[in-house]
>>> print(open('data_1.pdb').read())   # PDB, C-alpha atoms
ATOM      1  CA  MET A  22      16.774  -9.908 -13.908  1.00  0.00           C
ATOM      2  CA  ILE A  23      17.020  -6.120 -14.039  1.00  0.00           C
ATOM      3  CA  LEU A  24      18.685  -4.522 -11.012  1.00  0.00           C
ATOM      4  CA  SER A  25      18.653  -0.915  -9.861  1.00  0.00           C
ATOM      5  CA  ARG A  26      20.310   1.044  -7.073  1.00  0.00           C
ATOM      6  CA  ASP A  27      18.054   4.075  -7.586  1.00  0.00           C
ATOM      7  CA  ARG A  28      14.590   2.536  -7.482  1.00  0.00           C
ATOM      8  CA  ILE A  29      12.651  -0.358  -6.096  1.00  0.00           C
ATOM      9  CA  LEU A  30      11.831  -2.533  -9.091  1.00  0.00           C
ATOM     10  CA  THR A  31       8.759  -4.672  -8.705  1.00  0.00           C
ATOM     11  CA  THR A  32       6.236  -6.686 -10.586  1.00  0.00           C
ATOM     12  CA  HIS A  33       2.696  -6.274  -9.409  1.00  0.00           C
ATOM     13  CA  VAL A  34      -0.227  -8.635  -9.621  1.00  0.00           C
ATOM     14  CA  GLY A  35      -3.190  -8.219  -7.337  1.00  0.00           C
ATOM     15  CA  SER A  36      -3.301  -5.517  -4.735  1.00  0.00           C
ATOM     16  CA  LEU A  37      -1.213  -3.835  -2.084  1.00  0.00           C
ATOM     17  CA  PRO A  38      -1.321  -5.124   1.488  1.00  0.00           C
ATOM     18  CA  ARG A  39      -4.473  -4.098   3.324  1.00  0.00           C
ATOM     19  CA  ASN A  40      -5.346  -3.668   6.943  1.00  0.00           C
ATOM     20  CA  GLU A  41      -8.407  -5.425   8.336  1.00  0.00           C
ATOM     21  CA  VAL A  42     -10.636  -2.322   8.225  1.00  0.00           C
ATOM     22  CA  LEU A  43      -9.878  -1.687   4.553  1.00  0.00           C
ATOM     23  CA  SER A  44     -10.366  -5.350   3.687  1.00  0.00           C
ATOM     24  CA  ASP A  45     -13.784  -5.341   5.356  1.00  0.00           C
ATOM     25  CA  LEU A  46     -14.786  -2.125   3.569  1.00  0.00           C
ATOM     26  CA  LEU A  47     -13.760  -3.476   0.172  1.00  0.00           C
ATOM     27  CA  ILE A  48     -15.680  -6.696   0.765  1.00  0.00           C
ATOM     28  CA  ALA A  49     -18.752  -4.698   1.773  1.00  0.00           C
ATOM     29  CA  GLN A  50     -18.411  -2.551  -1.359  1.00  0.00           C
ATOM     30  CA  GLU A  51     -18.083  -5.657  -3.535  1.00  0.00           C
ATOM     31  CA  GLU A  52     -21.235  -7.067  -1.939  1.00  0.00           C
ATOM     32  CA  GLY A  53     -23.093  -3.865  -2.803  1.00  0.00           C
ATOM     33  CA  LYS A  54     -23.538  -2.786   0.807  1.00  0.00           C
ATOM     34  CA  SER A  55     -23.923   0.884   1.688  1.00  0.00           C
ATOM     35  CA  LEU A  56     -20.777   2.444   3.118  1.00  0.00           C
ATOM     36  CA  ASP A  57     -19.268   5.817   3.850  1.00  0.00           C
ATOM     37  CA  PRO A  58     -17.191   6.836   0.800  1.00  0.00           C
ATOM     38  CA  LYS A  59     -15.025   9.157   2.928  1.00  0.00           C
ATOM     39  CA  LEU A  60     -14.164   6.304   5.296  1.00  0.00           C
ATOM     40  CA  LEU A  61     -13.214   4.112   2.333  1.00  0.00           C
ATOM     41  CA  ALA A  62     -11.056   6.865   0.808  1.00  0.00           C
ATOM     42  CA  ASP A  63      -9.371   7.572   4.161  1.00  0.00           C
ATOM     43  CA  GLU A  64      -8.568   3.895   4.699  1.00  0.00           C
ATOM     44  CA  MET A  65      -7.226   3.598   1.149  1.00  0.00           C
ATOM     45  CA  ASP A  66      -4.984   6.619   1.701  1.00  0.00           C
ATOM     46  CA  LYS A  67      -3.772   5.175   4.998  1.00  0.00           C
ATOM     47  CA  ALA A  68      -2.920   1.825   3.382  1.00  0.00           C
ATOM     48  CA  VAL A  69      -1.016   3.454   0.507  1.00  0.00           C
ATOM     49  CA  ARG A  70       0.929   5.691   2.922  1.00  0.00           C
ATOM     50  CA  HIS A  71       1.871   2.622   4.973  1.00  0.00           C
ATOM     51  CA  VAL A  72       3.235   0.768   1.928  1.00  0.00           C
ATOM     52  CA  VAL A  73       5.151   3.806   0.659  1.00  0.00           C
ATOM     53  CA  GLU A  74       6.665   4.366   4.123  1.00  0.00           C
ATOM     54  CA  LYS A  75       7.851   0.736   4.185  1.00  0.00           C
ATOM     55  CA  GLN A  76       9.367   1.127   0.718  1.00  0.00           C
ATOM     56  CA  MET A  77      11.179   4.302   1.791  1.00  0.00           C
ATOM     57  CA  GLU A  78      12.480   2.610   4.957  1.00  0.00           C
ATOM     58  CA  SER A  79      13.803  -0.238   2.831  1.00  0.00           C
ATOM     59  CA  ARG A  80      15.541   2.163   0.488  1.00  0.00           C
ATOM     60  CA  HIS A  81      17.174   4.069   3.349  1.00  0.00           C
ATOM     61  CA  ARG A  82      18.408   0.843   4.965  1.00  0.00           C
ATOM     62  CA  ARG A  83      20.012  -0.294   1.705  1.00  0.00           C
ATOM     63  CA  ARG A  84      21.946   2.985   1.431  1.00  0.00           C
ATOM     64  CA  GLN A  85      23.534   2.622   4.873  1.00  0.00           C
TER      65      GLN A  85
END
>>> encode(input="data_1.pdb", output="structure tokens")
Amino acid sequence: MILSRDRILTTHVGSLPRNEVLSDLLIAQEEGKSLDPKLLADEMDKAVRHVVEKQMESRHRRRQ
């Protein structure tokens, strides 16, 4: 296993955690339903920000 003190090393299969709103929007998109592209983009941005914030919190806790 490769270890690092400077980065969060991960393997990634699948997708990042999603809130319920984003999950519903992605299901609707997959089903070909009409949806607001701005709402989808905003929810995607919100979900990514949430995951990055959690990663940063984890990194700061490890340094203490």
>>> atom_distance(input="data_1.pdb", atom1="CA of Asp63 in chain A", atom2="CA of Ile48 in chain A")
16.0 Å
>>> closest_residue(input="data_1.pdb", among="A:Asp27, A:Asp45, A:Glu52, A:Ser36", to="Glu64 in chain A", atoms="all atoms listed in the file")
A:Asp45
>>> residues_around(input="data_1.pdb", residues="range 70-82 of chain A", least_positions_apart="5", cutoff="10 Å", atoms="all atoms listed in the file", output="short mmCIF file (atom, residue, chain, number, x, y, z; two decimals) with C-alpha atoms, in the frame of the given file")
data_model
loop_
_atom_site.label_atom_id
_atom_site.label_comp_id
_atom_site.auth_asym_id
_atom_site.auth_seq_id
_atom_site.Cartn_x
_atom_site.Cartn_y
_atom_site.Cartn_z
CA ARG A 26 20.31 1.04 -7.07
CA ASP A 27 18.05 4.08 -7.59
CA ARG A 28 14.59 2.54 -7.48
CA ILE A 29 12.65 -0.36 -6.10
CA LEU A 37 -1.21 -3.84 -2.08
CA PRO A 38 -1.32 -5.12 1.49
CA ARG A 39 -4.47 -4.10 3.32
CA ASN A 40 -5.35 -3.67 6.94
CA GLU A 64 -8.57 3.90 4.70
CA MET A 65 -7.23 3.60 1.15
#
>>> atom_distance(input="data_1.pdb", atom1="CA of Ser55 in chain A", atom2="CA of Val69 in chain A")
23.1 Å
>>> atom_distance(input="data_1.pdb", atom1="CA of Ala62 in chain A", atom2="CA of Gln50 in chain A")
12.1 Å
